[in-house]
Amino acid sequence: MSGTGPEQAAMEQARRFAALSAPFDPVRALAAAGLAGAAPLAVARVASDLARRCETRLPGADARWLLLPGPRRDIIAALTREKGLADAIAWRRTLGTDPGTDDLLDALTGTGLFAPKALRALASRAMRAPAPDLAEPLRRAAATFGLLGTDEEVTSAARDLRAKVGIALARVVAAGQRAEEAPFIGRDAALSEVARWLAAPATLPARALLLCGPAGIGKSTLLDRAVAQACAVRPRTLVVRLDFDRAGLDMVDPPGLTLELARQVASSLPAAAAAIRELRVDAAGQSRDQTSRGERPDSLPGRLSAALAEAFRKANAASRPLLVAIDTAEALRGRGATHPARLRDWLESLPQLGLSPPHVIAAGRDDAFRDVPDFVGEKIPIAGFGTGEARLFLDRLGADERTRALVATLSAPGGLLEALAGNPLMLRVATQALQEGPAGEGAAGEQAERNPERAIARALVERILLSRIADPTLKALVFPGLVVRWVHAGFVHDALAPALGVALDGPAHAELLLGALSRQQWLCETGFGVPWVRIRPEARAVLLPLFYRLRARRCACVNRAAADWFEAQSDPWLKVEATYHRLQLVRAGAPAPEIGPDTSARLGATTLAEIPLIARIAVPQMAVRMDSNAIVARKWAAARSAAVDHSGACDLRAFMERADWAEAALVFRREFAGRALDPASDAADAARSFLWRSGQWEQALGLLADAGRPDDADLADLRLMDLMVRLEMRAEFAFDHLAARLAAEDAAGEGLRRAVARIPLTGAASDLTAGALGFCLAAAGAPRPAVAAQVADPVGAVLDLWSPRGRRGVRTARVLQAVAVAGEQRRRCGFAPLSADAGGMISAAACARALASLSPYGASLQQAVLAVQDGALQAQAQADLQDLRGAMGASLGLVPLKAAPGLQAEAQSPVRTLRDLGLVAEWGWIAGAGAPGDVALITAAAERFRATVAGRWSYGAPPPLGWAGFEGGPGDVLASALAACAPPAATAAQASTWTDIFLRAAAVSAGTPPGPAAATQAEA
């Protein structure tokens, strides 16, 4: 594949595949895009484009991706407008589908389960007689509606039935709970504690009641019952349910979370339902523009936020209690250690939307909120049933005497199910395995009848472990590969896969599988500073007896391979792991190994409890024993001074690609801070990219200087993000040198131009390709990255504006597109776009002002401002935004839209709003006096961009061929002032002088003589 046309077509095809899919395999999406045999760089660019629009870390979904709701809605809406949706759906069906995708396509066509008549009949049956067999199709319908994001993508008849499906599903689930567990066995005390918690007034800061316990203990069921009880006591309660195990619900997307809350609350506020629905559709349309540009908006646009608050106010929502129920809370932390804190902050912002402070109940593991311990007000540990409660529960399940006797035997001390004694999930699965098995057809029923203990074990492994894993290769590895305690990608590739006869596609495949395993937070622990995944001891206590009961021979193969592999490693703590696995081989008849005193001292109580009793006699009795975890902890501490591991660099890049800067910063502090870093290493490239993109320019420049590679001979080997950052840095601080190298007619110049050809222009706010690098490429006569039709090209627009044709008043498509994008940015901020003159002409001054709004330096400046710990710069930016709505803004040509209720919702990102208004450089120079060096460096770069936009070439090397620049003339007074005005030094007096010049230029441009009013404004 060569050229940008085919590559752009491949990107669109991959996005279309994703829009018409449930969670999907990205490899299949790339194949559907026709990339077979394409150059690796082209494949990488298409994959990167698709990843920016997807959730790539789905809980429990292994390596599958899911298109975000905004891009999905955008693509489907475009297909509908072009009357191409039916053909696209037919094309998608030819590529092979899964059940979730079939449901999605049926919902779009109104067929199958989603035929209006079928949906109506299903909902009606559930309302009349909520039978358990209706739960599965109702869950499918609800899940598919959730994937579509808004109501607009489904047929009108199906859309009208969406609420009925949700109500019917709730009724079926409630009926199933009553049938299975009523009365609520053994949970009366917990329910009383929940009632006491809810009886107290909800206050801020938000606090959560955590229902905690192991998997299968009944936390989610208790949460549902607690919510139902709360609604019975206070019928006016507004309930919002958030299950973070659900795809698409993510703290990286706070606006999406707010829209989900609005959707749920609207069902209880009939008076506001229509208005809220319209706002949700409007918000989805506005947010998808930012998402498609690679940005992650941190709040709803100000106008929509205020309108939503007004809708809640009219419905008197603040007078009604708000209950937020959070399920699978540990999945939230699995997406990033900062996400629980972000959830807390989001919950505390709800009163600003016109809602009451929330009561919060969460269900999850005991450590689900360990990063924000103050958020947990109380904990209610959920334990298993006692003997009497378990017997009563089995009676309610209809268990016969044989089943009750066998479960009691297996749950006794030393029994197969000892670790699950009293667990409701175990009791239910065991009953189903024994009583439904013989009724089944074929070998399954016969096996349950002949070997009931084995049937129970198999059913539990399937329910507890395998049902949560979609990838068949990973399934083959974990059962029974998880007899190991620590998992490493090298171990998976070199030892585990061969021992189990599983074929892998190289080390990269092993790393991919390990990443999927690590996302099973209930099963694994990560983040120890070394490239290992630890299997949780509580999960092992349940699974190991089942594994050894079901697959003893395969377990022996894994233990033998693990012992050999760990023994060959150099780290002393891994020798202990090798000994552990040799002791486990005693189960298979191997002789007990000889164990020296040093190793014996590291075999703690946890280790000894897992090995067979006959093997324990091989362990000398020591006066003092240390658990092996303590040794590992010391290993981690020592690793802090070692080089950064490859996995740390991968994690950092993954979060940067998602634009999740809070999580990226946490990874950087945890994995990179205080460690030795080879400036020429891959880890240093990742660190440099993070520092540069997060606004820490001084450190990034220092790391680049330490690398000692002024010729950039390694560009061909760099990852795309690292390549872009390297060239951006060179363009900003060595413009002439880079331009000369780009223009050189030698092998080095050709290699540099080939590297540049890899770079896409995404249109994202942080894409500095639209800054100095873009102008450097133009000055050197080198090809610039291709730009999609719907994306603004600031550099191309500036070159057109200040070309001879542009000086004559010709406005090219690039200029008009950029001005349109800038106008939309102003409108989102509550200000009117720049308008044409009476003859329909947009003056050079107006174009220059509009193009200044596309400065790529706003995102970097925002990150640098956020790094100022006292918050003074953020506060000043917010105050300046408010001033711009008054006389100051009018003097700068900023006309507030009358319908705009205010800018209060932009308080979290005021610098971004200043960027959208075209004032990044101006504000940076005035407000950045005395600020850290990063702010000054970024502001200087933004000023070079601003002055060049205004017609004064402000970079090194001679300007590009065809550059005419500003020559003065009628109507261009403002542009003249902009071009002539050098940035003032960082003093109050000079800043005031500069402001006076700017205001007077604005007044002259508007045709108003600079009189006392302008002078007064300048003094202000």
# chains A, B, ... in the order shown; residues from 1 in each chain; ligands from 1

call {"tool": "select_by_dssp", "arguments": {"residues": "stretch 21-156 of chain A", "states": "helix (DSSP H, G or I)", "output": "PyMOL selection string"}}
result
chain A and resi 26-32+40-51+69-81+85-94+99-109+112-114+116-128+132-148+151-153+156

call {"tool": "residues_around", "arguments": {"residues": "A:Ala341", "least_positions_apart": "6", "cutoff": "9 Å", "atoms": "only C-alpha atoms", "output": "JSON list (two decimals) with N, CA and C atoms, in the first residue's frame"}}
result
[["chain", "number", "residue", "atom", "x", "y", "z"],
["A", 369, "PHE", "N", -10.76, 0.01, 46.85],
["A", 369, "PHE", "CA", -10.51, 1.45, 46.98],
["A", 369, "PHE", "C", -9.27, 1.71, 47.84],
["A", 371, "ASP", "N", -6.47, 2.80, 47.06],
["A", 371, "ASP", "CA", -5.75, 4.02, 46.71],
["A", 371, "ASP", "C", -6.44, 5.27, 47.23],
["A", 372, "VAL", "N", -7.70, 5.15, 47.63],
["A", 372, "VAL", "CA", -8.44, 6.29, 48.21],
["A", 372, "VAL", "C", -9.14, 5.81, 49.48],
["A", 375, "PHE", "N", -12.24, 7.44, 51.00],
["A", 375, "PHE", "CA", -13.51, 7.37, 50.29],
["A", 375, "PHE", "C", -14.44, 6.31, 50.92]]

call {"tool": "residues_around", "arguments": {"residues": "A:Ala820", "least_positions_apart": "5", "cutoff": "12 Å", "atoms": "only C-alpha atoms", "output": "list in words"}}
result
Gln790, Val791, Ala792, Asp793, Pro794, Ala797, Ala813, Arg814, Val815, Gln825, Arg826, Arg827, Ala832, Pro833, Leu834, Ser835, Ala836, Ile842, Ala846, Cys847, Ala850, Leu851, Ser853 and Leu854 of chain A

call {"tool": "closest_residue", "arguments": {"among": "A:Val239, A:Leu666, A:Leu122, A:Ile217", "to": "A:Leu427", "atoms": "only C-alpha atoms"}}
result
A:Ile217

call {"tool": "closest_residue", "arguments": {"among": "A:Ala556, A:Ala331, A:Ile759, A:Ala686", "to": "A:Asp245", "atoms": "only C-alpha atoms"}}
result
A:Ala331

call {"tool": "closest_residue", "arguments": {"among": "A:Ala964, A:Ala770, A:Leu523, A:Ala47", "to": "A:Ala942", "atoms": "only C-alpha atoms"}}
result
A:Ala770

call {"tool": "select_by_dssp", "arguments": {"residues": "stretch 287-377 of chain A", "states": "strand (DSSP E or B)", "output": "PyMOL selection string"}}
result
chain A and resi 322-327+358-364+376-377
